[in-house]
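Chemist: Let me give you the structure first, and then I'll get to my questions.
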Amino acid sequence: MPRAAGGQDVSSAAEEQEERRPERAEGSAPPSAVNGHRRSGTRASVPAPPVWPGSPAPLGARFHTGPGGVPGTNFALWAGGAEAVDVCLFDDDGREVRHPLTELTHEIWHGFLPGVRPGQRYGFRVHGRWDPWTGARWNPAKLLLDPYARAVDGDFGPPRGAARDADGNGGGNGGDGGSSGDGRMPAAVYGHVRDWPEQHAADTVRDGRDSAPYVPKGVVVADEAPGDEWADDRRPKTPWADSVIYELHVRGFTMRHPDVPEHLRGTYAGLAHPAAIGHLTGLGVTAVELLPVHQFAHEDHLLRRGLRNHWGYNSIGYFAPHAAYAASGTRGEQVGEFRRMVRALHAAGIEVILDVVYNHTAEGGELGPTLSLRGIDNRGYYRLQHDPRRYADYTGCGNTLHVVQPQVLRLITDSLRYWVTEMGVDGFRFDLAAALARSMHDVDMLSPFLAVIAQDPVLRRVKLIAEPWDVGAGGYQVGAFPPLWTEWNDRYRDTVRDYWRGALPALRDLGYRLSGSSDLYAWGGRRPYASVNFVTAHDGFTLRDLVSYERKHNEANGEDNRDGTDDNRSWNCGAEGETGDPAVTALRRRQLRNLMTTLLLSTGVPMLVAGDEMGRTQGGNNNAYCQDNETGWVDWSLPGLPEWRELHALTARLTALRRTHPVLRRRAFFSGRPQAPDGLRDLAWFTPEGREMAEADWHAPAATLGMYLSGRDIPGRDERGGPVTDDSFLAVLHAHHEPLSFTLPGPPWADRYELLVDTSREDQSEPPGTRHPAGSGLTLPPRSVQLFRVLHGPGA
């Protein structure tokens, strides 16, 4: 029993709660209750049949035909230190029937409930010691979400139509939907007494109020019949080198799309709509990277300010598609809707990559709510400090999953395999992946998590992207992840931003970033596509805001503009925010073209952010995680404006160039060595005078750089084993504010050059097409990129 001030034992309300708890059946509930249908009258008093032993595998709730051909659902929950586990079934009126799981196999509590069918809502109550000083936080008054629930129904808040009491809890016995009403997460969802007056014991006094009316429930979902959903699905299986990733938010992408029916906007079905897919195919992207779609919760501090978590990096259900993104329903219908979305994207040749948050959960630190894992086995799921009352926090979100533990590793890998094999996704981007790679404390590239992924026959075949850092000591690991993994390359982001804003990096650094970052990735068999190149991401300024603001403007987040990074590496081109100055707006559009062209001509895997190709703005907010409104949604009125239509056209033309020319999407690093007696190299760098750069040129900042990409004898072979050859190209980047004379390299590099892209031009609907003889000088417009096709021979 916890000790409060004065060293006295403080009794919780658990004993009182036990006296007034709902019926705890000794067998399964009557059919009217377990099947999830509405029933009237008082609780049935006839004895129910006993819970059958069932099986410890698979974990979660699985509907199938049991012994004797009786249909029902097997429930299995790992709860290593628990003393007892109840599975709790709820009817449509929110009435609960509890069934003790009496079978325990290898720390898994399990039982088969005959008659329980898909659509049934359920949760768990787990019994055990309450002793936060040793990390034990069991509280059977709290209904817990099944970590393996495949669908979730409801939200955190009071029952619909219920009055609220002085503690912020609803009265009555209605359903479990709705929001928190008073701007707080209901007090009853906390395992401890929230706002306990003695701060040193703030999280130590057990709260005995029943949380069931205020929390969402898991939903039993039927397994897909073999072949039903995926019979005609064809995964695109786009090679990494050929990929162009488009990061988007399921809700934000279509909420303002005029051609998506209103009832489908902001949903999986909306993303599957031909109008949404048509934009993606027209742009030439090969994969969408979806911001988190696992079931997540809204943080209490946001609810207090009348805001919501928009991005979703606050997961609580690793198997369940977030219910709020479903147009078809939340009693399992969201599962089928998500699958249909994946099929529609696959049919268009687009892969689906999920941004996943396995590093922490929505339960936060010791003052957070008890929603699932904390109440199942706090010490078994979370990393705790030497003082086990506190959580080790490598994520900045209050807790960190203890991935070294077998049951946690199993939870994560089971979830990953489920999304691949049964939901059809093609890969994952791991948020704060360094936290997953920690062994006991330090990041370890031989950690259990990375080792299991490397040998898993399902997971090692899908796309794996690491956000290669966390907030703990030694957490920055860019370039350190092993083969099979690609990484978000923030070194690329920072270098390209600095170059185009005029804070010129040493050319050596710029050259590495443009050519695949071999200084980071050319080891252990890794390839240039280990680098996911990006200039912007969901976290930070949009591309338009990057050239419009020098300071963040996050006042709408309600945190006094303290949130979000101050290291934006942005330049507002002479005016802060939107302006009517035509010279400033023209320069900004040119800078957008420069940034987009640089990204799509660089070796590696480019990642675009939804709306950047058509000038989306967040009004200078660089941390729009809580802006579930027009700030966080894509503005589909922009493509109708000529200035943004041209940026979209340029982006589509550049992705088409990548798709057509293998020299722009190399599968091996450049060697920089001559390929033939004529001295041509596969990669060469030129000064404005038209001479190859010397060693001394690389160590000083400079505003102009020529990059020659040879298409002769590209490493690798085509599908039939033949050599791969391509055109050669010269890209000239000029970041200075004044024009400059540049001498085009003469023979043997080229006989003539054909201009394909000129970012100084406002009209990007057609390539320039002008030709220049090798060795001639041309004037580079201020702040521009010129891309030339190399021509050889007398007829060039």
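In the structure tokens, chains take letters A, B, ... by order of appearance, with residues numbered from 1 within each chain and ligands from 1 in the order shown.
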Please run DSSP on the backbone and report, as JSON, numbers by chain, all residues within region 89-142 of chain A that come out as strand (DSSP E).
Modeler: {"A": [89, 90, 96, 97, 98, 99, 100, 101, 103, 104, 105, 108, 109, 110, 111, 112, 113, 114, 121, 122, 123, 124, 125, 126, 127, 130, 131, 136, 137]}
Chemist: Each residue of region 634-705 of chain A lying at most 6 Å from region 728-747 of chain A should get a row with its shortest atom-to-atom pair and the distance in Å to one decimal, counting only C-alpha atoms; could you produce that, ordered by chain and increasing number, as CSV?
Modeler:
```
residue,atom,partner,partner_atom,distance
A:Pro688,CA,A:Phe742,CA,4.6
A:Glu689,CA,A:Thr743,CA,5.3
A:Gly690,CA,A:Thr743,CA,4.7
A:Ala703,CA,A:Ala735,CA,5.0
A:Thr704,CA,A:His734,CA,4.4
A:Leu705,CA,A:Leu733,CA,5.4
```
Chemist: Can you list, as a list in words, all residues belonging to region 633-678 of chain A that DSSP tags as alpha helix (DSSP H)?
Modeler: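 Here are the alpha helix (DSSP H) residues of region 633-678 of chain A: Pro642, Glu643, Trp644, Arg645, Glu646, Leu647, His648, Ala649, Leu650, Thr651, Ala652, Arg653, Leu654, Thr655, Ala656, Leu657, Arg658, Arg659 and Thr660 of chain A.
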Chemist: I'd like the contact shell of Val189 (chain A) - 12 Å cut-off, only C-alpha atoms, skipping same-chain residues fewer than 5 positions apart - returned as number ranges by chain.
Modeler: A: 139-145, 155-158, 167-170, 180, 184, 194, 206-216, 300, 363, 367-372, 374-375
Chemist: Residues of the last selection are to be written out with C-alpha atoms, as a compact mmCIF listing (two decimals), in the first residue's frame.
Modeler:
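Saved to result.txt:
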```
# COMPACT_ATOMS: atom_id res chain seq x y z
CA ASN A 139 -5.67 -1.23 -10.90
CA PRO A 140 -8.71 -3.37 -11.82
CA ALA A 141 -10.96 -0.31 -11.73
CA LYS A 142 -9.42 0.73 -15.05
CA LEU A 143 -10.67 -0.84 -18.25
CA LEU A 144 -7.68 -1.50 -20.48
CA LEU A 145 -7.45 -1.56 -24.24
CA ASP A 155 -13.10 7.93 -27.74
CA PHE A 156 -11.94 9.22 -24.38
CA GLY A 157 -14.70 11.19 -22.71
CA PRO A 158 -17.99 11.00 -20.80
CA ASP A 167 -14.10 15.86 -10.80
CA GLY A 168 -14.60 16.08 -14.55
CA ASN A 169 -16.33 12.69 -14.85
CA GLY A 170 -19.64 12.06 -16.51
CA SER A 180 -14.03 15.29 -22.74
CA ARG A 184 -9.76 17.57 -19.86
CA ARG A 194 -5.16 13.05 -10.33
CA ARG A 206 -4.75 4.55 -6.40
CA ASP A 207 -7.98 5.85 -7.94
CA GLY A 208 -10.80 3.35 -7.61
CA ARG A 209 -13.32 4.95 -9.95
CA ASP A 210 -14.43 2.85 -12.90
CA SER A 211 -12.96 4.11 -16.17
CA ALA A 212 -15.10 1.96 -18.47
CA PRO A 213 -17.68 4.65 -19.33
CA TYR A 214 -14.95 7.03 -20.46
CA VAL A 215 -12.60 4.94 -22.59
CA PRO A 216 -12.80 3.35 -26.05
CA ASP A 300 -4.68 16.10 -21.86
CA GLU A 363 0.15 6.77 -21.53
CA LEU A 367 1.34 11.34 -14.17
CA GLY A 368 -0.29 10.08 -17.38
CA PRO A 369 -3.49 8.06 -17.82
CA THR A 370 -3.81 4.29 -17.50
CA LEU A 371 -5.12 3.16 -20.87
CA SER A 372 -3.47 -0.14 -21.71
CA ARG A 374 0.65 0.55 -17.86
CA GLY A 375 -2.23 -1.34 -16.30
```
Chemist: Which residues are near region 253-260 of chain A? Cut-off 9 Å, only C-alpha atoms, ignore same chain within fewer than 2 positions. Put them as a ChimeraX atom specification.
Modeler: /A:248-251,262-267,270-271,273-276,610-611,629-630,633-637
Chemist: Give me the residues within 12 Å of Pro794 (chain A) as an mmCIF file with N, CA and C atoms, in the first residue's frame, counting only C-alpha atoms and dropping any in the same chain fewer than 5 places off.
Modeler:
```cif
data_model
loop_
_atom_site.group_PDB
_atom_site.id
_atom_site.type_symbol
_atom_site.label_atom_id
_atom_site.label_comp_id
_atom_site.auth_asym_id
_atom_site.auth_seq_id
_atom_site.Cartn_x
_atom_site.Cartn_y
_atom_site.Cartn_z
ATOM 1 N N ALA A 750 31.715 16.927 -73.429
ATOM 2 C CA ALA A 750 30.546 17.137 -74.293
ATOM 3 C C ALA A 750 30.977 17.874 -75.542
ATOM 4 N N ASP A 751 30.147 17.795 -76.573
ATOM 5 C CA ASP A 751 30.299 18.657 -77.738
ATOM 6 C C ASP A 751 29.284 19.792 -77.713
ATOM 7 N N ARG A 752 28.158 19.521 -77.084
ATOM 8 C CA ARG A 752 27.102 20.535 -76.999
ATOM 9 C C ARG A 752 26.233 20.188 -75.790
ATOM 10 N N PRO A 773 27.197 25.377 -77.364
ATOM 11 C CA PRO A 773 28.399 24.592 -77.671
ATOM 12 C C PRO A 773 29.277 24.425 -76.438
#
```
Chemist: If we count only C-alpha atoms and set the cut-off at 10 Å, which residues sit around Phe449 (chain A), ignoring sequence neighbours fewer than 4 positions away in its own chain? Please answer as a list in words.
Modeler: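 Once the nearby chain positions are removed, what remains is Val403, Val404, Gln405, Pro406, Val408, Leu409, Arg410, Ile412, Thr413, Leu436, Ala437, Arg438, Ser439, Asp444, Met445, Ile453 and Ala454 of chain A.
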Chemist: Could those residues be written to a file, using all heavy atoms, as a short mmCIF file (atom, residue, chain, number, x, y, z; two decimals), in the first residue's frame?
Modeler:
```
data_model
loop_
_atom_site.label_atom_id
_atom_site.label_comp_id
_atom_site.auth_asym_id
_atom_site.auth_seq_id
_atom_site.Cartn_x
_atom_site.Cartn_y
_atom_site.Cartn_z
N VAL A 403 12.06 -2.37 -25.40
CA VAL A 403 12.07 -3.28 -26.55
C VAL A 403 12.97 -4.48 -26.30
O VAL A 403 12.88 -5.49 -27.00
CB VAL A 403 12.48 -2.51 -27.83
CG1 VAL A 403 12.47 -3.41 -29.05
CG2 VAL A 403 11.53 -1.34 -28.05
N VAL A 404 13.84 -4.42 -25.30
CA VAL A 404 14.68 -5.58 -24.98
C VAL A 404 13.82 -6.72 -24.42
O VAL A 404 14.18 -7.90 -24.56
CB VAL A 404 15.78 -5.18 -23.99
CG1 VAL A 404 16.58 -6.39 -23.52
CG2 VAL A 404 16.72 -4.16 -24.64
N GLN A 405 12.69 -6.40 -23.82
CA GLN A 405 11.83 -7.43 -23.23
C GLN A 405 11.18 -8.27 -24.34
O GLN A 405 10.67 -7.71 -25.32
CB GLN A 405 10.73 -6.78 -22.39
CG GLN A 405 11.24 -6.01 -21.18
CD GLN A 405 11.57 -6.93 -20.02
OE1 GLN A 405 11.65 -8.15 -20.17
NE2 GLN A 405 11.77 -6.35 -18.86
N PRO A 406 11.19 -9.59 -24.22
CA PRO A 406 10.64 -10.44 -25.29
C PRO A 406 9.19 -10.12 -25.64
O PRO A 406 8.81 -10.14 -26.81
CB PRO A 406 10.79 -11.86 -24.73
CG PRO A 406 11.90 -11.77 -23.74
CD PRO A 406 11.80 -10.39 -23.14
N VAL A 408 7.61 -7.29 -25.41
CA VAL A 408 7.50 -6.03 -26.12
C VAL A 408 7.98 -6.20 -27.56
O VAL A 408 7.36 -5.71 -28.51
CB VAL A 408 8.31 -4.94 -25.40
CG1 VAL A 408 8.20 -3.61 -26.14
CG2 VAL A 408 7.83 -4.79 -23.96
N LEU A 409 9.08 -6.90 -27.72
CA LEU A 409 9.58 -7.18 -29.07
C LEU A 409 8.55 -7.98 -29.86
O LEU A 409 8.34 -7.73 -31.06
CB LEU A 409 10.89 -7.96 -28.95
CG LEU A 409 11.72 -8.14 -30.22
CD1 LEU A 409 12.08 -6.80 -30.83
CD2 LEU A 409 12.98 -8.93 -29.91
N ARG A 410 7.89 -8.91 -29.20
CA ARG A 410 6.84 -9.69 -29.88
C ARG A 410 5.68 -8.79 -30.27
O ARG A 410 5.15 -8.92 -31.39
CB ARG A 410 6.36 -10.81 -28.97
CG ARG A 410 5.25 -11.64 -29.57
CD ARG A 410 4.79 -12.75 -28.64
NE ARG A 410 3.70 -13.52 -29.22
CZ ARG A 410 3.09 -14.53 -28.60
NH1 ARG A 410 3.47 -14.88 -27.38
NH2 ARG A 410 2.11 -15.19 -29.20
N ILE A 412 5.69 -5.64 -31.02
CA ILE A 412 6.05 -4.78 -32.15
C ILE A 412 6.15 -5.59 -33.44
O ILE A 412 5.59 -5.20 -34.48
CB ILE A 412 7.37 -4.06 -31.85
CG1 ILE A 412 7.19 -3.08 -30.69
CG2 ILE A 412 7.88 -3.32 -33.09
CD1 ILE A 412 8.48 -2.46 -30.21
N THR A 413 6.83 -6.72 -33.40
CA THR A 413 7.00 -7.49 -34.63
C THR A 413 5.69 -8.15 -35.08
O THR A 413 5.44 -8.26 -36.28
CB THR A 413 8.10 -8.54 -34.46
OG1 THR A 413 7.84 -9.34 -33.31
CG2 THR A 413 9.46 -7.86 -34.30
N LEU A 436 14.38 2.48 -30.37
CA LEU A 436 14.11 1.05 -30.54
C LEU A 436 15.41 0.25 -30.59
O LEU A 436 15.41 -0.95 -30.29
CB LEU A 436 13.32 0.82 -31.82
CG LEU A 436 11.94 1.47 -31.88
CD1 LEU A 436 11.34 1.30 -33.27
CD2 LEU A 436 11.01 0.92 -30.83
N ALA A 437 16.50 0.90 -30.99
CA ALA A 437 17.78 0.21 -31.13
C ALA A 437 18.60 0.24 -29.85
O ALA A 437 19.74 -0.23 -29.85
CB ALA A 437 18.58 0.82 -32.28
N ARG A 438 18.07 0.76 -28.78
CA ARG A 438 18.80 0.76 -27.51
C ARG A 438 18.72 -0.63 -26.89
O ARG A 438 17.66 -1.25 -26.88
CB ARG A 438 18.25 1.81 -26.56
CG ARG A 438 18.56 3.24 -26.99
CD ARG A 438 18.09 4.27 -25.98
NE ARG A 438 18.40 5.61 -26.44
CZ ARG A 438 19.52 6.28 -26.18
NH1 ARG A 438 20.44 5.70 -25.43
NH2 ARG A 438 19.72 7.50 -26.65
N SER A 439 19.86 -1.08 -26.36
CA SER A 439 19.84 -2.33 -25.59
C SER A 439 19.42 -1.98 -24.17
O SER A 439 18.29 -1.61 -23.95
CB SER A 439 21.20 -3.02 -25.66
OG SER A 439 21.41 -3.52 -26.97
N ASP A 444 22.45 0.46 -29.86
CA ASP A 444 23.28 -0.70 -30.20
C ASP A 444 22.79 -1.26 -31.54
O ASP A 444 21.65 -1.73 -31.64
CB ASP A 444 23.15 -1.75 -29.09
CG ASP A 444 23.96 -3.02 -29.37
OD1 ASP A 444 24.68 -3.05 -30.38
OD2 ASP A 444 23.83 -3.97 -28.58
N MET A 445 23.63 -1.18 -32.55
CA MET A 445 23.22 -1.67 -33.86
C MET A 445 23.19 -3.20 -33.94
O MET A 445 22.88 -3.75 -34.99
CB MET A 445 24.13 -1.09 -34.94
CG MET A 445 23.93 0.41 -35.10
SD MET A 445 22.19 0.84 -35.45
CE MET A 445 22.14 2.56 -34.93
N ILE A 453 14.45 -7.97 -36.84
CA ILE A 453 13.99 -7.46 -38.14
C ILE A 453 14.83 -8.06 -39.26
O ILE A 453 14.32 -8.47 -40.31
CB ILE A 453 14.08 -5.93 -38.17
CG1 ILE A 453 13.11 -5.30 -37.16
CG2 ILE A 453 13.80 -5.41 -39.58
CD1 ILE A 453 11.66 -5.49 -37.47
N ALA A 454 16.14 -8.14 -39.05
CA ALA A 454 17.04 -8.60 -40.11
C ALA A 454 16.79 -10.04 -40.50
O ALA A 454 17.03 -10.42 -41.66
CB ALA A 454 18.49 -8.43 -39.66
#
```
Chemist: Using only C-alpha atoms, which residue out of A:Gly336, A:Gly111, A:Pro448, A:Gly94 lies closest to Thr73 (chain A)?
Modeler: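 Once distances to Thr73 (chain A) are computed over only C-alpha atoms, the minimum belongs to A:Gly111.
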Chemist: Which is closer to Gly769 (chain A) than all the others in A:Ala57, A:Leu755, A:Ala696, A:Ala222, using only C-alpha atoms?
Modeler: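 Among the listed residues, A:Leu755 lies closest to Gly769 (chain A).
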Chemist: Would you mind listing what lies within 9 Å of region 665-681 of chain A as an MDAnalysis selection string, with only C-alpha atoms counted and same-chain residues fewer than 5 positions away left out?
Modeler: chainID A and resid 240:243 515:518 522 526:529 601:605 658:659 708:710 712:716 748:749
Chemist: Create the file for the chosen residues now, containing N, CA, C and O atoms and written as a short mmCIF file (atom, residue, chain, number, x, y, z; two decimals), in the first residue's frame.
Modeler:
```cif
data_model
loop_
_atom_site.label_atom_id
_atom_site.label_comp_id
_atom_site.auth_asym_id
_atom_site.auth_seq_id
_atom_site.Cartn_x
_atom_site.Cartn_y
_atom_site.Cartn_z
N TRP A 240 14.04 0.41 -54.39
CA TRP A 240 14.36 1.61 -53.62
C TRP A 240 14.90 2.72 -54.51
O TRP A 240 14.53 3.89 -54.36
N ALA A 241 15.79 2.39 -55.42
CA ALA A 241 16.42 3.42 -56.23
C ALA A 241 15.43 4.16 -57.11
O ALA A 241 15.67 5.30 -57.52
N ASP A 242 14.31 3.52 -57.42
CA ASP A 242 13.31 4.13 -58.30
C ASP A 242 12.22 4.86 -57.53
O ASP A 242 11.28 5.39 -58.14
N SER A 243 12.31 4.91 -56.22
CA SER A 243 11.22 5.41 -55.40
C SER A 243 11.23 6.93 -55.29
O SER A 243 12.29 7.56 -55.20
N SER A 515 25.35 13.80 -54.23
CA SER A 515 25.74 12.56 -54.90
C SER A 515 25.46 11.30 -54.09
O SER A 515 26.00 10.24 -54.39
N GLY A 516 24.61 11.39 -53.07
CA GLY A 516 24.19 10.18 -52.36
C GLY A 516 24.74 10.02 -50.96
O GLY A 516 24.51 9.00 -50.32
N SER A 517 25.51 11.00 -50.47
CA SER A 517 26.05 10.97 -49.10
C SER A 517 26.89 9.71 -48.85
O SER A 517 26.69 8.98 -47.87
N SER A 518 27.85 9.48 -49.72
CA SER A 518 28.71 8.30 -49.55
C SER A 518 29.54 8.40 -48.28
O SER A 518 29.97 7.37 -47.73
N ALA A 522 28.43 4.72 -47.46
CA ALA A 522 29.21 3.79 -48.29
C ALA A 522 29.99 2.83 -47.41
O ALA A 522 31.23 2.81 -47.40
N ARG A 526 25.90 -0.89 -48.04
CA ARG A 526 24.80 0.04 -48.23
C ARG A 526 24.95 0.76 -49.57
O ARG A 526 26.03 0.85 -50.14
N ARG A 527 23.84 1.28 -50.05
CA ARG A 527 23.79 1.90 -51.37
C ARG A 527 23.33 3.36 -51.25
O ARG A 527 22.88 3.79 -50.18
N PRO A 528 23.36 4.12 -52.34
CA PRO A 528 22.93 5.52 -52.27
C PRO A 528 21.49 5.68 -51.79
O PRO A 528 21.16 6.68 -51.15
N TYR A 529 20.65 4.69 -52.07
CA TYR A 529 19.26 4.81 -51.63
C TYR A 529 19.07 4.57 -50.14
O TYR A 529 17.95 4.58 -49.65
N LEU A 601 17.00 16.13 -58.30
CA LEU A 601 18.18 15.77 -59.08
C LEU A 601 19.26 15.10 -58.24
O LEU A 601 20.25 14.60 -58.78
N SER A 602 19.09 15.06 -56.93
CA SER A 602 20.10 14.47 -56.05
C SER A 602 20.01 12.95 -56.06
O SER A 602 18.91 12.38 -56.15
N THR A 603 21.15 12.30 -55.91
CA THR A 603 21.19 10.85 -55.80
C THR A 603 20.69 10.44 -54.42
O THR A 603 21.06 11.04 -53.41
N GLY A 604 19.88 9.39 -54.38
CA GLY A 604 19.21 8.97 -53.15
C GLY A 604 17.72 8.89 -53.40
O GLY A 604 17.26 8.94 -54.54
N VAL A 605 16.96 8.75 -52.34
CA VAL A 605 15.50 8.64 -52.45
C VAL A 605 14.88 9.97 -52.04
O VAL A 605 14.96 10.36 -50.88
N ARG A 658 13.55 11.66 -63.54
CA ARG A 658 14.13 10.60 -62.71
C ARG A 658 13.67 9.23 -63.19
O ARG A 658 14.45 8.28 -63.25
N ARG A 659 12.41 9.14 -63.51
CA ARG A 659 11.84 7.85 -63.92
C ARG A 659 12.45 7.39 -65.24
O ARG A 659 12.64 6.18 -65.46
N TYR A 708 28.65 17.00 -63.05
CA TYR A 708 28.54 16.22 -64.30
C TYR A 708 28.23 14.77 -63.94
O TYR A 708 28.98 14.13 -63.19
N LEU A 709 27.15 14.23 -64.47
CA LEU A 709 26.72 12.85 -64.23
C LEU A 709 26.83 12.07 -65.53
O LEU A 709 26.10 12.35 -66.48
N SER A 710 27.73 11.11 -65.56
CA SER A 710 27.95 10.34 -66.78
C SER A 710 26.98 9.15 -66.85
O SER A 710 26.86 8.39 -65.90
N ARG A 712 27.42 6.75 -69.04
CA ARG A 712 28.18 5.68 -69.68
C ARG A 712 28.46 4.57 -68.65
O ARG A 712 29.00 4.83 -67.58
N ASP A 713 28.09 3.35 -68.98
CA ASP A 713 28.43 2.18 -68.15
C ASP A 713 28.05 2.37 -66.69
O ASP A 713 28.87 2.31 -65.79
N ILE A 714 26.78 2.61 -66.47
CA ILE A 714 26.27 2.73 -65.10
C ILE A 714 26.39 1.37 -64.42
O ILE A 714 26.04 0.34 -65.01
N PRO A 715 26.88 1.29 -63.18
CA PRO A 715 27.02 -0.01 -62.51
C PRO A 715 25.69 -0.73 -62.43
O PRO A 715 24.63 -0.14 -62.24
N GLY A 716 25.75 -2.06 -62.59
CA GLY A 716 24.55 -2.87 -62.56
C GLY A 716 24.16 -3.34 -63.94
O GLY A 716 24.78 -2.97 -64.96
N PRO A 748 36.61 16.20 -73.52
CA PRO A 748 35.72 15.10 -73.95
C PRO A 748 34.38 15.05 -73.21
O PRO A 748 33.58 14.13 -73.43
N TRP A 749 34.10 16.03 -72.34
CA TRP A 749 32.88 15.97 -71.55
C TRP A 749 31.64 16.11 -72.41
O TRP A 749 30.61 15.48 -72.13
#
```
Chemist: So the first atom is CA of Arg569 (chain A) and the second is CA of Asp545 (chain A); what is the distance between them in Å, to one decimal place?
Modeler: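 Computing it gives 11.3 Å between the two atoms.
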